[in-house]
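Text of run-v2.pdb (PDB, C-alpha atoms) as supplied:
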ATOM      1  CA  MET Z 199       0.000   0.000   0.000  1.00  0.00           C
ATOM      2  CA  VAL Z 200       1.397   3.391  -1.025  1.00  0.00           C
ATOM      3  CA  THR Z 201       1.573   5.949   1.735  1.00  0.00           C
ATOM      4  CA  THR Z 202       1.246   9.721   1.357  1.00  0.00           C
ATOM      5  CA  ASP Z 203       3.507  12.489   2.623  1.00  0.00           C
ATOM      6  CA  GLU Z 204       2.643  14.554   5.682  1.00  0.00           C
ATOM      7  CA  SER Z 205       1.072  17.487   3.824  1.00  0.00           C
ATOM      8  CA  ASP Z 206      -1.182  15.167   1.808  1.00  0.00           C
ATOM      9  CA  LEU Z 207      -2.162  13.319   4.962  1.00  0.00           C
ATOM     10  CA  LEU Z 208      -3.088  16.576   6.695  1.00  0.00           C
ATOM     11  CA  SER Z 209      -5.335  17.485   3.763  1.00  0.00           C
ATOM     12  CA  LEU Z 210      -6.937  14.035   3.802  1.00  0.00           C
ATOM     13  CA  GLU Z 211      -7.483  14.336   7.544  1.00  0.00           C
ATOM     14  CA  ARG Z 212      -9.520  17.504   6.988  1.00  0.00           C
ATOM     15  CA  VAL Z 213     -11.502  15.931   4.147  1.00  0.00           C
ATOM     16  CA  LEU Z 214     -12.362  12.865   6.196  1.00  0.00           C
ATOM     17  CA  ALA Z 215     -13.188  14.858   9.340  1.00  0.00           C
ATOM     18  CA  ASP Z 216     -15.533  17.131   7.367  1.00  0.00           C
ATOM     19  CA  ALA Z 217     -17.244  14.130   5.764  1.00  0.00           C
ATOM     20  CA  VAL Z 218     -17.746  12.445   9.145  1.00  0.00           C
ATOM     21  CA  ASP Z 219     -19.253  15.637  10.540  1.00  0.00           C
ATOM     22  CA  HIS Z 220     -21.582  16.231   7.570  1.00  0.00           C
ATOM     23  CA  ALA Z 221     -22.744  12.613   7.613  1.00  0.00           C
ATOM     24  CA  GLY Z 222     -23.742  12.809  11.268  1.00  0.00           C
ATOM     25  CA  ILE Z 223     -21.488   9.891  12.212  1.00  0.00           C
ATOM     26  CA  THR Z 224     -20.222   9.795  15.797  1.00  0.00           C
ATOM     27  CA  GLY Z 225     -16.491   9.601  15.350  1.00  0.00           C
ATOM     28  CA  HIS Z 226     -13.139  11.376  15.461  1.00  0.00           C
ATOM     29  CA  VAL Z 227     -10.307  11.524  12.902  1.00  0.00           C
ATOM     30  CA  ASN Z 228      -6.655  11.720  13.861  1.00  0.00           C
ATOM     31  CA  ARG Z 229      -3.203  10.809  12.577  1.00  0.00           C
ATOM     32  CA  ARG Z 230      -1.006   8.097  14.061  1.00  0.00           C
ATOM     33  CA  ARG Z 231       2.536   6.983  13.334  1.00  0.00           C
ATOM     34  CA  ALA Z 232       2.894   3.359  12.249  1.00  0.00           C
ATOM     35  CA  GLY Z 233       6.560   2.479  11.872  1.00  0.00           C
ATOM     36  CA  GLU Z 234       8.113   4.864   9.350  1.00  0.00           C
ATOM     37  CA  ALA Z 235       4.797   6.234   8.092  1.00  0.00           C
ATOM     38  CA  GLU Z 236       1.775   8.056   9.403  1.00  0.00           C
ATOM     39  CA  ILE Z 237      -1.743   6.771   8.866  1.00  0.00           C
ATOM     40  CA  LEU Z 238      -5.217   8.171   9.369  1.00  0.00           C
ATOM     41  CA  GLU Z 239      -7.519   6.710  11.965  1.00  0.00           C
ATOM     42  CA  LEU Z 240     -11.268   7.084  12.099  1.00  0.00           C
ATOM     43  CA  ARG Z 241     -12.300   6.291  15.665  1.00  0.00           C
ATOM     44  CA  LEU Z 242     -15.971   5.371  15.820  1.00  0.00           C
ATOM     45  CA  ILE Z 243     -17.433   5.747  19.295  1.00  0.00           C
ATOM     46  CA  GLY Z 244     -21.035   4.899  18.478  1.00  0.00           C
ATOM     47  CA  SER Z 245     -22.924   2.760  15.998  1.00  0.00           C
ATOM     48  CA  ARG Z 246     -25.323   5.541  14.927  1.00  0.00           C
ATOM     49  CA  ARG Z 247     -25.897   5.343  11.164  1.00  0.00           C
ATOM     50  CA  LEU Z 248     -23.326   2.600  10.634  1.00  0.00           C
ATOM     51  CA  PRO Z 249     -24.152  -0.436   8.450  1.00  0.00           C
ATOM     52  CA  PHE Z 250     -22.151  -2.688  10.782  1.00  0.00           C
ATOM     53  CA  SER Z 251     -21.828  -3.276  14.508  1.00  0.00           C
ATOM     54  CA  LEU Z 252     -18.816  -2.010  16.450  1.00  0.00           C
ATOM     55  CA  THR Z 253     -16.839  -5.242  16.318  1.00  0.00           C
ATOM     56  CA  THR Z 254     -13.629  -6.074  14.484  1.00  0.00           C
ATOM     57  CA  ASP Z 255     -15.224  -8.920  12.519  1.00  0.00           C
ATOM     58  CA  ALA Z 256     -18.342  -7.009  11.454  1.00  0.00           C
ATOM     59  CA  ALA Z 257     -16.429  -3.897  10.391  1.00  0.00           C
ATOM     60  CA  THR Z 258     -13.758  -5.921   8.577  1.00  0.00           C
ATOM     61  CA  ALA Z 259     -16.409  -7.865   6.676  1.00  0.00           C
ATOM     62  CA  TRP Z 260     -18.192  -4.664   5.651  1.00  0.00           C
ATOM     63  CA  LEU Z 261     -14.977  -2.987   4.480  1.00  0.00           C
ATOM     64  CA  LYS Z 262     -14.107  -6.006   2.375  1.00  0.00           C
ATOM     65  CA  ALA Z 263     -17.590  -6.278   0.851  1.00  0.00           C
ATOM     66  CA  ALA Z 264     -17.646  -2.531   0.118  1.00  0.00           C
ATOM     67  CA  GLY Z 265     -14.219  -2.617  -1.513  1.00  0.00           C
ATOM     68  CA  VAL Z 266     -12.628  -0.226   0.985  1.00  0.00           C
ATOM     69  CA  ASN Z 267      -8.881  -0.825   1.374  1.00  0.00           C
ATOM     70  CA  ALA Z 268      -8.679  -0.316   5.140  1.00  0.00           C
ATOM     71  CA  THR Z 269      -8.393  -2.269   8.366  1.00  0.00           C
ATOM     72  CA  ALA Z 270     -10.603  -2.242  11.441  1.00  0.00           C
ATOM     73  CA  VAL Z 271      -9.868  -3.121  15.058  1.00  0.00           C
ATOM     74  CA  TYR Z 272     -12.129  -2.766  18.083  1.00  0.00           C
ATOM     75  CA  TYR Z 273     -10.601  -1.530  21.323  1.00  0.00           C
ATOM     76  CA  ASP Z 274     -12.201  -1.123  24.739  1.00  0.00           C
ATOM     77  CA  ALA Z 275     -14.500   1.771  23.869  1.00  0.00           C
ATOM     78  CA  TYR Z 276     -14.252   2.401  20.128  1.00  0.00           C
ATOM     79  CA  LEU Z 277     -13.655   0.913  16.712  1.00  0.00           C
ATOM     80  CA  VAL Z 278     -10.652   2.146  14.719  1.00  0.00           C
ATOM     81  CA  ILE Z 279     -10.617   2.155  10.929  1.00  0.00           C
ATOM     82  CA  SER Z 280      -7.072   2.740   9.635  1.00  0.00           C
ATOM     83  CA  LEU Z 281      -6.401   4.295   6.226  1.00  0.00           C
ATOM     84  CA  ARG Z 282      -3.030   4.881   4.588  1.00  0.00           C
ATOM     85  CA  ASP Z 283      -3.664   6.763   1.342  1.00  0.00           C
ATOM     86  CA  LYS Z 284      -6.046   8.915  -0.691  1.00  0.00           C
ATOM     87  CA  PRO Z 285      -7.757   6.026  -2.545  1.00  0.00           C
ATOM     88  CA  SER Z 286      -8.710   4.364   0.742  1.00  0.00           C
ATOM     89  CA  VAL Z 287     -10.066   7.647   2.152  1.00  0.00           C
ATOM     90  CA  ASP Z 288     -12.032   8.285  -1.056  1.00  0.00           C
ATOM     91  CA  GLN Z 289     -13.466   4.764  -0.909  1.00  0.00           C
ATOM     92  CA  LEU Z 290     -14.572   5.146   2.699  1.00  0.00           C
ATOM     93  CA  VAL Z 291     -16.140   8.561   2.106  1.00  0.00           C
ATOM     94  CA  GLU Z 292     -17.994   7.392  -1.007  1.00  0.00           C
ATOM     95  CA  ARG Z 293     -19.310   4.107   0.352  1.00  0.00           C
ATOM     96  CA  LEU Z 294     -19.858   4.810   4.045  1.00  0.00           C
ATOM     97  CA  LEU Z 295     -20.340   8.562   4.442  1.00  0.00           C
ATOM     98  CA  ARG Z 296     -21.627   9.978   1.147  1.00  0.00           C
ATOM     99  CA  PRO Z 297     -25.202   8.582   1.412  1.00  0.00           C
ATOM    100  CA  PHE Z 298     -25.754  10.295   4.761  1.00  0.00           C
ATOM    101  CA  MET Z 299     -23.986  13.449   3.605  1.00  0.00           C
ATOM    102  CA  TYR Z 300     -26.537  13.652   0.786  1.00  0.00           C
ATOM    103  CA  ALA Z 301     -29.437  12.848   3.114  1.00  0.00           C
ATOM    104  CA  GLU Z 302     -28.349  15.537   5.586  1.00  0.00           C
ATOM    105  CA  SER Z 303     -28.100  18.118   2.804  1.00  0.00           C
ATOM    106  CA  VAL Z 304     -31.637  17.258   1.655  1.00  0.00           C
ATOM    107  CA  SER Z 305     -32.879  17.501   5.244  1.00  0.00           C
ATOM    108  CA  GLU Z 306     -31.394  21.006   5.583  1.00  0.00           C
ATOM    109  CA  ARG Z 307     -32.826  22.122   2.239  1.00  0.00           C
ATOM    110  CA  LEU Z 308     -36.273  20.820   3.155  1.00  0.00           C
ATOM    111  CA  HIS Z 309     -36.151  22.498   6.557  1.00  0.00           C
ATOM    112  CA  ASN Z 310     -35.304  25.839   4.919  1.00  0.00           C
ATOM    113  CA  ALA Z 311     -38.045  25.477   2.294  1.00  0.00           C
ATOM    114  CA  LEU Z 312     -40.653  24.728   4.958  1.00  0.00           C
ATOM    115  CA  ALA Z 313     -39.556  27.745   6.975  1.00  0.00           C
ATOM    116  CA  GLN Z 314     -40.436  29.989   4.022  1.00  0.00           C
ATOM    117  CA  HIS Z 315     -44.062  29.024   4.641  1.00  0.00           C
ATOM    118  CA  GLN Z 316     -43.853  29.410   8.423  1.00  0.00           C
ATOM    119  CA  LEU Z 317     -43.798  25.620   8.692  1.00  0.00           C
ATOM    120  CA  HIS Z 318     -41.449  24.259  11.316  1.00  0.00           C
ATOM    121  CA  ALA Z 319     -40.956  20.521  11.325  1.00  0.00           C
ATOM    122  CA  GLU Z 320     -38.561  18.159  13.008  1.00  0.00           C
ATOM    123  CA  VAL Z 321     -36.867  16.343  10.145  1.00  0.00           C
ATOM    124  CA  SER Z 322     -35.206  13.078  11.143  1.00  0.00           C
ATOM    125  CA  LEU Z 323     -33.409  10.498   9.034  1.00  0.00           C
ATOM    126  CA  GLN Z 324     -34.465   6.888   9.535  1.00  0.00           C
ATOM    127  CA  ASP Z 325     -31.550   5.688   7.413  1.00  0.00           C
ATOM    128  CA  SER Z 326     -29.649   7.050   4.422  1.00  0.00           C
ATOM    129  CA  GLY Z 327     -32.698   6.669   2.183  1.00  0.00           C
ATOM    130  CA  SER Z 328     -35.734   7.697   4.233  1.00  0.00           C
ATOM    131  CA  MET Z 329     -36.877  10.541   6.463  1.00  0.00           C
ATOM    132  CA  VAL Z 330     -39.755  11.535   8.731  1.00  0.00           C
ATOM    133  CA  LEU Z 331     -41.220  15.030   9.071  1.00  0.00           C
ATOM    134  CA  VAL Z 332     -43.020  15.733  12.349  1.00  0.00           C
ATOM    135  CA  PHE Z 333     -45.180  18.851  12.747  1.00  0.00           C
ATOM    136  CA  SER Z 334     -46.284  19.558  16.317  1.00  0.00           C
ATOM    137  CA  ASP Z 335     -49.404  21.669  15.940  1.00  0.00           C
ATOM    138  CA  SER Z 336     -51.521  23.587  18.408  1.00  0.00           C
ATOM    139  CA  GLU Z 337     -53.714  25.173  15.687  1.00  0.00           C
ATOM    140  CA  ASN Z 338     -56.090  22.347  14.759  1.00  0.00           C
ATOM    141  CA  LEU Z 339     -53.578  20.995  12.228  1.00  0.00           C
ATOM    142  CA  GLY Z 340     -53.081  24.355  10.578  1.00  0.00           C
ATOM    143  CA  ALA Z 341     -49.599  23.146   9.602  1.00  0.00           C
ATOM    144  CA  ALA Z 342     -51.109  20.458   7.376  1.00  0.00           C
ATOM    145  CA  VAL Z 343     -53.418  23.007   5.758  1.00  0.00           C
ATOM    146  CA  ARG Z 344     -50.511  25.418   5.125  1.00  0.00           C
ATOM    147  CA  LEU Z 345     -48.437  22.607   3.661  1.00  0.00           C
ATOM    148  CA  GLY Z 346     -51.331  21.771   1.353  1.00  0.00           C
ATOM    149  CA  ALA Z 347     -51.533  25.424   0.321  1.00  0.00           C
ATOM    150  CA  ALA Z 348     -47.792  25.448  -0.398  1.00  0.00           C
ATOM    151  CA  LEU Z 349     -48.434  22.566  -2.808  1.00  0.00           C
ATOM    152  CA  GLY Z 350     -51.321  24.364  -4.482  1.00  0.00           C
ATOM    153  CA  ALA Z 351     -54.179  22.760  -2.521  1.00  0.00           C
ATOM    154  CA  GLY Z 352     -55.335  25.463  -0.141  1.00  0.00           C
ATOM    155  CA  ASP Z 353     -58.700  23.714   0.213  1.00  0.00           C
ATOM    156  CA  VAL Z 354     -57.207  20.492   1.604  1.00  0.00           C
ATOM    157  CA  GLY Z 355     -58.969  21.009   4.957  1.00  0.00           C
ATOM    158  CA  GLU Z 356     -62.223  22.382   3.555  1.00  0.00           C
ATOM    159  CA  GLY Z 357     -65.372  21.014   5.204  1.00  0.00           C
ATOM    160  CA  LEU Z 358     -63.443  19.042   7.823  1.00  0.00           C
ATOM    161  CA  LYS Z 359     -63.809  19.375  11.580  1.00  0.00           C
ATOM    162  CA  LEU Z 360     -60.122  19.356  12.359  1.00  0.00           C
ATOM    163  CA  HIS Z 361     -60.693  19.368  16.112  1.00  0.00           C
ATOM    164  CA  ARG Z 362     -62.328  15.930  15.818  1.00  0.00           C
ATOM    165  CA  PRO Z 363     -60.543  12.586  15.240  1.00  0.00           C
ATOM    166  CA  GLY Z 364     -62.747  11.817  12.242  1.00  0.00           C
ATOM    167  CA  GLY Z 365     -61.826  15.103  10.563  1.00  0.00           C
ATOM    168  CA  MET Z 366     -58.168  14.482  11.287  1.00  0.00           C
ATOM    169  CA  ARG Z 367     -58.298  11.041   9.663  1.00  0.00           C
ATOM    170  CA  LYS Z 368     -59.915  12.502   6.559  1.00  0.00           C
ATOM    171  CA  LEU Z 369     -57.259  15.208   6.422  1.00  0.00           C
ATOM    172  CA  ALA Z 370     -54.537  12.545   6.641  1.00  0.00           C
ATOM    173  CA  ALA Z 371     -56.125  10.708   3.686  1.00  0.00           C
ATOM    174  CA  ARG Z 372     -56.294  13.924   1.640  1.00  0.00           C
ATOM    175  CA  MET Z 373     -52.699  14.802   2.474  1.00  0.00           C
ATOM    176  CA  ARG Z 374     -51.567  11.315   1.469  1.00  0.00           C
ATOM    177  CA  LEU Z 375     -53.256  11.673  -1.925  1.00  0.00           C
ATOM    178  CA  LEU Z 376     -51.857  15.173  -2.395  1.00  0.00           C
ATOM    179  CA  LEU Z 377     -48.306  14.199  -1.499  1.00  0.00           C
ATOM    180  CA  THR Z 378     -48.445  11.002  -3.549  1.00  0.00           C
ATOM    181  CA  GLY Z 379     -49.528  13.015  -6.575  1.00  0.00           C
ATOM    182  CA  ALA Z 380     -46.739  15.515  -6.029  1.00  0.00           C
ATOM    183  CA  LEU Z 381     -43.921  13.187  -4.977  1.00  0.00           C
ATOM    184  CA  GLY Z 382     -44.754   9.659  -6.080  1.00  0.00           C
ATOM    185  CA  ALA Z 383     -45.901   6.453  -4.410  1.00  0.00           C
ATOM    186  CA  GLY Z 384     -44.956   5.329  -0.933  1.00  0.00           C
ATOM    187  CA  VAL Z 385     -45.648   8.482   1.068  1.00  0.00           C
ATOM    188  CA  GLY Z 386     -46.956   7.796   4.570  1.00  0.00           C
ATOM    189  CA  VAL Z 387     -49.103  10.270   6.496  1.00  0.00           C
ATOM    190  CA  LEU Z 388     -50.146   9.854  10.109  1.00  0.00           C
ATOM    191  CA  ILE Z 389     -52.021  12.283  12.329  1.00  0.00           C
ATOM    192  CA  GLU Z 390     -51.963  11.834  16.091  1.00  0.00           C
ATOM    193  CA  PRO Z 391     -54.642  13.801  18.009  1.00  0.00           C
ATOM    194  CA  GLY Z 392     -53.324  15.708  20.981  1.00  0.00           C
ATOM    195  CA  CYS Z 393     -54.866  16.488  24.339  1.00  0.00           C
ATOM    196  CA  ALA Z 394     -54.772  19.244  26.929  1.00  0.00           C
ATOM    197  CA  HIS Z 395     -51.030  18.848  27.428  1.00  0.00           C
ATOM    198  CA  VAL Z 396     -49.916  17.388  24.083  1.00  0.00           C
ATOM    199  CA  GLU Z 397     -50.166  19.092  20.700  1.00  0.00           C
ATOM    200  CA  ASP Z 398     -51.651  17.467  17.622  1.00  0.00           C
ATOM    201  CA  GLU Z 399     -48.986  15.821  15.510  1.00  0.00           C
ATOM    202  CA  LEU Z 400     -48.670  15.364  11.759  1.00  0.00           C
ATOM    203  CA  GLN Z 401     -46.098  12.801  10.602  1.00  0.00           C
ATOM    204  CA  ILE Z 402     -45.017  12.421   6.991  1.00  0.00           C
ATOM    205  CA  ARG Z 403     -42.745   9.566   5.917  1.00  0.00           C
ATOM    206  CA  LEU Z 404     -40.769  10.068   2.714  1.00  0.00           C
ATOM    207  CA  THR Z 405     -37.764   8.761   0.871  1.00  0.00           C
ATOM    208  CA  VAL Z 406     -34.854  11.191   0.803  1.00  0.00           C
ATOM    209  CA  ASP Z 407     -35.402  11.751  -2.926  1.00  0.00           C
ATOM    210  CA  GLN Z 408     -39.060  12.569  -2.238  1.00  0.00           C
ATOM    211  CA  GLY Z 409     -37.892  14.997   0.433  1.00  0.00           C
ATOM    212  CA  LEU Z 410     -35.750  16.733  -2.185  1.00  0.00           C
ATOM    213  CA  ARG Z 411     -38.718  16.932  -4.567  1.00  0.00           C
ATOM    214  CA  LEU Z 412     -40.908  18.307  -1.780  1.00  0.00           C
ATOM    215  CA  ALA Z 413     -38.356  21.008  -0.992  1.00  0.00           C
ATOM    216  CA  GLY Z 414     -38.244  21.968  -4.646  1.00  0.00           C
ATOM    217  CA  ARG Z 415     -42.024  22.063  -4.990  1.00  0.00           C
ATOM    218  CA  ILE Z 416     -42.732  24.261  -1.989  1.00  0.00           C
ATOM    219  CA  ALA Z 417     -39.788  26.575  -2.637  1.00  0.00           C
ATOM    220  CA  ALA Z 418     -40.703  27.051  -6.296  1.00  0.00           C
ATOM    221  CA  ASP Z 419     -43.509  29.578  -5.748  1.00  0.00           C
ATOM    222  CA  PRO Z 420     -42.419  32.629  -3.696  1.00  0.00           C
ATOM    223  CA  ALA Z 421     -45.972  34.029  -3.870  1.00  0.00           C
ATOM    224  CA  ARG Z 422     -47.354  31.142  -1.857  1.00  0.00           C
ATOM    225  CA  ALA Z 423     -44.614  31.644   0.729  1.00  0.00           C
ATOM    226  CA  GLU Z 424     -45.647  35.318   1.059  1.00  0.00           C
ATOM    227  CA  GLU Z 425     -49.336  34.351   1.403  1.00  0.00           C
ATOM    228  CA  ALA Z 426     -48.478  31.807   4.140  1.00  0.00           C
ATOM    229  CA  ALA Z 427     -46.558  34.458   6.060  1.00  0.00           C
TER     230      ALA Z 427
END

Take the structure in this file and express it as structure tokens.
Amino acid sequence: MVTTDESDLLSLERVLADAVDHAGITGHVNRRRAGEAEILELRLIGSRRLPFSLTTDAATAWLKAAGVNATAVYYDAYLVISLRDKPSVDQLVERLLRPFMYAESVSERLHNALAQHQLHAEVSLQDSGSMVLVFSDSENLGAAVRLGAALGAGDVGEGLKLHRPGGMRKLAARMRLLLTGALGAGVGVLIEPGCAHVEDELQIRLTVDQGLRLAGRIAADPARAEEAA
């Protein structure tokens, strides 16, 4: 395996550290001397978002299957992935970190697009390919109605008693049809009625690509954003 000089390794350290941060992986990157050369270490201190468990065997098997030229060893509190050159760093970034880097960027874009319409949702990633939007609502599901308006269906709540469970269920069905038409099949919509101490809750389950399409759709019409405000 060809090693890199110190300046190249410092640059690779920054690249890998930035990728780890943007992917939301719990880990730390540092350099370590191994004999006459220095290598990069990615120390993973949690299994969040990893496709393997924090064991030497599981990580080694994944690296081999993914075609990443690196080694893995588990110590008392963390797993260390050792990389010696730019190709191995590029492989690890592309195959382990890039999917979540993309998903995080979509999540941020969607969050910003929603905010243009005074819609504030908790956007969480289930994995690198799917996300859940949660709107906590104290306005009789006004968030769902405003989201419908942002998609061109301002009448989505028309005729419904949104303070009643039956009206909420009908709204969920309408939102599912609306979002499926706009984003494609597989959208999930769930409405949880609140109570005196808990707000109503609208949950929307999407793929990450659908989340990107949703962000584009609701950010495409500035006039609707101004009306929502």

List as a PyMOL selection string the protein and nucleic acid residues near Thr254 in chain Z, meaning an atom at most 7 Å away when all atoms listed in the file are counted, but skip any in the same chain fewer than 6 places from it. chain Z and resi 270-272

Okay, now the selection with C-alpha atoms, as a tab-separated table (two decimals), in the frame of the given file?
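This went into again01.tsv:
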chain	number	residue	atom	x	y	z
Z	270	ALA	CA	-10.60	-2.24	11.44
Z	271	VAL	CA	-9.87	-3.12	15.06
Z	272	TYR	CA	-12.13	-2.77	18.08

Could you tell me which residues the PyMOL selection byres ((chain Z and resi 216) around 12) grabs in this file, written as a list of chain:residue names?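 Answer for the PyMOL selection byres ((chain Z and resi 216) around 12): Z:Ser209, Z:Leu210, Z:Glu211, Z:Arg212, Z:Val213, Z:Leu214, Z:Ala215, Z:Ala217, Z:Val218, Z:Asp219, Z:His220, Z:Ala221, Z:Gly222, Z:Ile223, Z:Gly225, Z:His226, Z:Val227, Z:Leu240, Z:Val291, Z:Leu295, Z:Arg296, Z:Met299.
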
If you count only C-alpha atoms, which residues fall within 12 Å of Leu312 in chain Z, apart from same-chain ones fewer than 3 positions away, as an MDAnalysis selection string? chainID Z and resid 305:309 315:321 331:333 341:342 344:349 409:410 412:418 420 422:423 426:427

Using all atoms listed in the file for the distances, tell me which of Z:Leu323, Z:Val387, Z:Ala259, Z:Leu358 is nearest to Ala371 in chain Z.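 Looking only at the distances to Ala371 in chain Z, the closest residue turns out to be Z:Val387.
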
Using CA of Ser303 in chain Z and CA of Arg247 in chain Z as the two end points, give the distance in Å to one decimal.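 Pair CA of Ser303 in chain Z / CA of Arg247 in chain Z returns 15.4 Å.
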
Using all atoms listed in the file, find the one residue out of Z:Ile243, Z:Leu369, Z:Ala263, Z:Leu375 that sits nearest to Leu400 in chain Z. Z:Leu369

One decimal, Å: what's the distance from CA of Gly352 in chain Z over to CA of Val304 in chain Z, could you say? 25.1 Å

Which residue of Z:Leu238, Z:Val354, Z:Leu290, Z:Ala301 approaches Val278 in chain Z most closely, using all atoms listed in the file: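 Between Z:Leu238, Z:Val354, Z:Leu290, Z:Ala301, the residue approaching Val278 in chain Z most closely is Z:Leu238.
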
If the PyMOL selection byres ((chain Z and resi 258) around 12) is run on the structure shown, which residues does it catch, given as a ChimeraX atom specification? /Z:249-257,259-272,277-280

To one decimal in Å, tell me the separation between CA of Glu399 in chain Z and CA of Gln324 in chain Z. 18.1 Å

Nearest to Lys368 in chain Z by atom-to-atom distance, counting all atoms listed in the file, from Z:Ala351, Z:Ala380, Z:Ile389, Z:Ile402: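 Using all atoms listed in the file, the shortest distance to Lys368 in chain Z belongs to Z:Ile389.
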
Within 7 Å of Thr224 in chain Z using only C-alpha atoms, minus same-chain residues under 5 positions, as a tab-separated table (two decimals) with C-alpha atoms, keeping the file's coordinate frame:
chain	number	residue	atom	x	y	z
Z	242	LEU	CA	-15.97	5.37	15.82
Z	243	ILE	CA	-17.43	5.75	19.30
Z	244	GLY	CA	-21.04	4.90	18.48
Z	246	ARG	CA	-25.32	5.54	14.93

Selected residue of minimal separation from Leu381 in chain Z among Z:Arg411, Z:His361, Z:Arg367, Z:Lys284, counting all atoms listed in the file: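 When distances to Leu381 in chain Z are compared using all atoms listed in the file, the smallest one comes from Z:Arg411.
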
Using the file's own x, y and z axes, so that the box edges lie along x, y and z, what centre and edge lengths in Å (one decimal) does a box around every listed atom of range 217-229 of chain Z get when 4 Å is added on each side? Give it as lines of an AutoDock Vina configuration file.
center_x = -13.5
center_y = 12.9
center_z = 10.8
size_x = 28.5
size_y = 14.6
size_z = 18.0

Go through the shown structure with the PyMOL selection byres ((chain Z and resi 392) around 10) and write out the matching residues as a ChimeraX atom specification. /Z:334-336,338,361,363,389-391,393-399

Compare Z:Arg403, Z:Arg230, Z:Arg372, Z:Lys359 by their minimum atom-to-atom distance to Ser322 in chain Z, counting all atoms listed in the file, and give me the closest one.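 Smallest distance to Ser322 in chain Z is found for Z:Arg403.
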